[in-house]
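Participant: The structure's right below; bear with me while I get my questions together.
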Amino acid sequence: MQKTAERGNEEMTNSTAVQAIDTNAVVGSFTQSELDTLKATIARGTTNEQFALFVQTCARSGLNPFLNQVYCIVYNGKDGPVMSIQIAVEGIVALAKRHPQYKGFIASEVKENDEFEIDVVTGEPKHRITSMQRGKTIGAYCVAYREGAPNIAVVITNDQVEHLLKGRNGQMWKDYFDDMIVKHAIKRAFKRQFGIEVAEDEHFQSGSSVDNIPEYQPQRKDITPQAEVIDVPKQPAEDDEAAKMKKARAEMKKKFAQLGITDPDQMSAYIAEHAKPKGDKPTLAEMMGLLKIMDLEIEARKAAQSTDDDLL
């Protein structure tokens with residue numbers, strides 16, 4: 001009887017532990033804490049139904065919003081918030097890497113003093129940097145490799161993206177032109193090579209599913225420029241609170257410009273909405289948190305612009 005009781009207690013304990021784990025892992029691999037973070041940052045402004053759709057899409061596709069692979073863009077519509085799930089270049093590359101025939105890619109911007117030529121049939125580029133004085137960027141290229149298939153080479157010249165500098169996210173193109181034009185080339189190359197077609201207001205089109213495909217270890221090293229990361233600079237220990245606040249405000253001013261917010265009233269409204277200061281003015285900790293939120297919004301707009309490009 002005693003052993004039976006002990007066994008029953010043990011089974012009850014195990015059942016409780018499993019139940020706790022299942023409760024913690026709410027959707028896919030996301031914990032409740034991570035879901036709360038997503039709702040307050042990347043998916044801010046979504047309804048509960050929209051947020052559930054976004055999380056389910058992330059879980060089923062295996063794309064990680066914390067790694068900037070997928071974004072949730074919310075627009076103000078006449079009937080309320082309108083959500084667009086958009087997969088960034090990082091997400092497209094992540095999908096392609098799961099393809100069993102994936103062999104990597106190379107991509108880079110080309111500047112006017114570089115030596116560059118490419119055979120579009122074989123997909124073999126020759127790109128030499130002969131001087132550190134490279135001049136202005138004149139284009140970009142990407143070659144996507146796949147086992148048993150021809151190499152796919154895409155070349156983008158400045159005149160092909162000139163109209164994007166005047167679009168709704170034109171400031172992003174002006175601020176991060178090299179990064180944006182390279183990502184533009186990568187997306188087009190991967191579309192042609194792997195059939196990964198992702199457009200605004202669409203999750204996955206035909207050929208984009210990667211369910212149950214084993215991850216492939218690429219034989220070729222990926223070479224692609226990293227997006228510029230704007231972080232709050234580390235302050236010397238001897239800096240006092242006032243100096244830190246001054247530098248944080250200067251950084252915030254730059255980020256407001258990148259977001260296209262120049263009106264003082266709009267800036268105040270933005271701070272009041274996202275920093276939620278407890279007093280009359282935001283504290284340094286609240287300022288630092290706001291800067292991180294602004295970084296997320298800047299990255300989200302860059303991802304939205306990359307997706308919009310492919311609709312043109």
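Following the order of the structure tokens, first chain is A, next is B, and so on, with residues numbered from 1 inside each chain and ligands from 1 in the order they appear.
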Write down as a list in words the residues belonging to stretch 62-159 of chain A that are assigned helix (DSSP H, G or I) by DSSP computed on the backbone.

Facilitator: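 Output for stretch 62-159 of chain A, helix (DSSP H, G or I) only: Pro65, Phe66, Leu67, Val89, Glu90, Gly91, Ile92, Val93, Ala94, Leu95, Ala96, Lys97, Asn158 and Asp159 of chain A.
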
Participant: Mind dumping the selected residues with N, CA and C atoms as an mmCIF file, in the first residue's frame?

Facilitator:
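New file result.cif:
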data_model
loop_
_atom_site.group_PDB
_atom_site.id
_atom_site.type_symbol
_atom_site.label_atom_id
_atom_site.label_comp_id
_atom_site.auth_asym_id
_atom_site.auth_seq_id
_atom_site.Cartn_x
_atom_site.Cartn_y
_atom_site.Cartn_z
ATOM 1 N N PRO A 65 11.162 36.084 -34.704
ATOM 2 C CA PRO A 65 11.083 37.548 -34.757
ATOM 3 C C PRO A 65 12.166 38.229 -33.934
ATOM 4 N N PHE A 66 12.709 37.522 -32.920
ATOM 5 C CA PHE A 66 13.770 38.106 -32.109
ATOM 6 C C PHE A 66 15.094 38.153 -32.860
ATOM 7 N N LEU A 67 15.199 37.432 -33.977
ATOM 8 C CA LEU A 67 16.401 37.451 -34.814
ATOM 9 C C LEU A 67 16.177 38.270 -36.079
ATOM 10 N N VAL A 89 14.873 39.786 -45.188
ATOM 11 C CA VAL A 89 15.903 39.050 -45.913
ATOM 12 C C VAL A 89 16.482 37.943 -45.040
ATOM 13 N N GLU A 90 16.685 38.258 -43.755
ATOM 14 C CA GLU A 90 17.228 37.244 -42.845
ATOM 15 C C GLU A 90 16.314 36.028 -42.761
ATOM 16 N N GLY A 91 15.008 36.260 -42.850
ATOM 17 C CA GLY A 91 14.061 35.155 -42.829
ATOM 18 C C GLY A 91 14.088 34.352 -44.109
ATOM 19 N N ILE A 92 14.213 35.036 -45.241
ATOM 20 C CA ILE A 92 14.280 34.350 -46.527
ATOM 21 C C ILE A 92 15.520 33.469 -46.586
ATOM 22 N N VAL A 93 16.641 33.986 -46.109
ATOM 23 C CA VAL A 93 17.874 33.186 -46.080
ATOM 24 C C VAL A 93 17.716 31.992 -45.148
ATOM 25 N N ALA A 94 17.051 32.211 -43.998
ATOM 26 C CA ALA A 94 16.841 31.113 -43.054
ATOM 27 C C ALA A 94 15.994 30.011 -43.677
ATOM 28 N N LEU A 95 14.969 30.378 -44.457
ATOM 29 C CA LEU A 95 14.144 29.388 -45.140
ATOM 30 C C LEU A 95 14.966 28.610 -46.161
ATOM 31 N N ALA A 96 15.778 29.339 -46.921
ATOM 32 C CA ALA A 96 16.576 28.680 -47.957
ATOM 33 C C ALA A 96 17.594 27.713 -47.363
ATOM 34 N N LYS A 97 18.140 28.050 -46.208
ATOM 35 C CA LYS A 97 19.152 27.196 -45.585
ATOM 36 C C LYS A 97 18.596 25.838 -45.189
ATOM 37 N N ASN A 158 22.053 51.274 -59.715
ATOM 38 C CA ASN A 158 21.429 52.381 -59.000
ATOM 39 C C ASN A 158 20.160 52.884 -59.666
ATOM 40 N N ASP A 159 20.142 52.920 -61.003
ATOM 41 C CA ASP A 159 18.979 53.450 -61.697
ATOM 42 C C ASP A 159 17.737 52.586 -61.482
#

Participant: Neighbouring residues of A:Pro81 were defined as those with any atom within 9 Å, considering only C-alpha atoms; residues of the same chain fewer than 4 positions away were excluded. Please report them as a list in words.

Facilitator: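 Within the cut-off, the hits are Gly45, Thr46, Thr47, Val74, Tyr75, Asn76 and Gly77 of chain A.
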
Participant: Can I get the selection written as a PDB file, in the first residue's frame, with C-alpha atoms?

Facilitator:
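Writing the result to part-v9.pdb gives the following:
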ATOM      1  CA  GLY A  45      -0.687  47.761 -31.767  1.00  0.00           C
ATOM      2  CA  THR A  46      -2.115  44.392 -32.864  1.00  0.00           C
ATOM      3  CA  THR A  47      -5.450  43.106 -31.697  1.00  0.00           C
ATOM      4  CA  VAL A  74       0.694  47.500 -38.086  1.00  0.00           C
ATOM      5  CA  TYR A  75      -0.926  50.275 -40.103  1.00  0.00           C
ATOM      6  CA  ASN A  76      -3.798  52.499 -39.051  1.00  0.00           C
ATOM      7  CA  GLY A  77      -6.783  51.634 -41.227  1.00  0.00           C
TER       8      GLY A  77
END

Participant: Counting only C-alpha atoms, which of A:Lys174, A:His127, A:Lys103, A:Lys183 gets nearest to A:Gly148?

Facilitator: A:Lys103

Participant: Go through A:Leu259, A:Ala149, A:Leu284, A:Ile85 one by one, measure the shortest atom-to-atom distance of each to A:Gln56 using only C-alpha atoms, and give the residue with the smallest value.

Facilitator: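 That would be A:Ile85, the residue with the smallest distance to A:Gln56.
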
Participant: For A:Val82, which residue among A:Ala43, A:Met294, A:Ala140, A:Ala243 is the nearest when counting only C-alpha atoms?

Facilitator: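 Of all the options, A:Ala43 lies closest to A:Val82.
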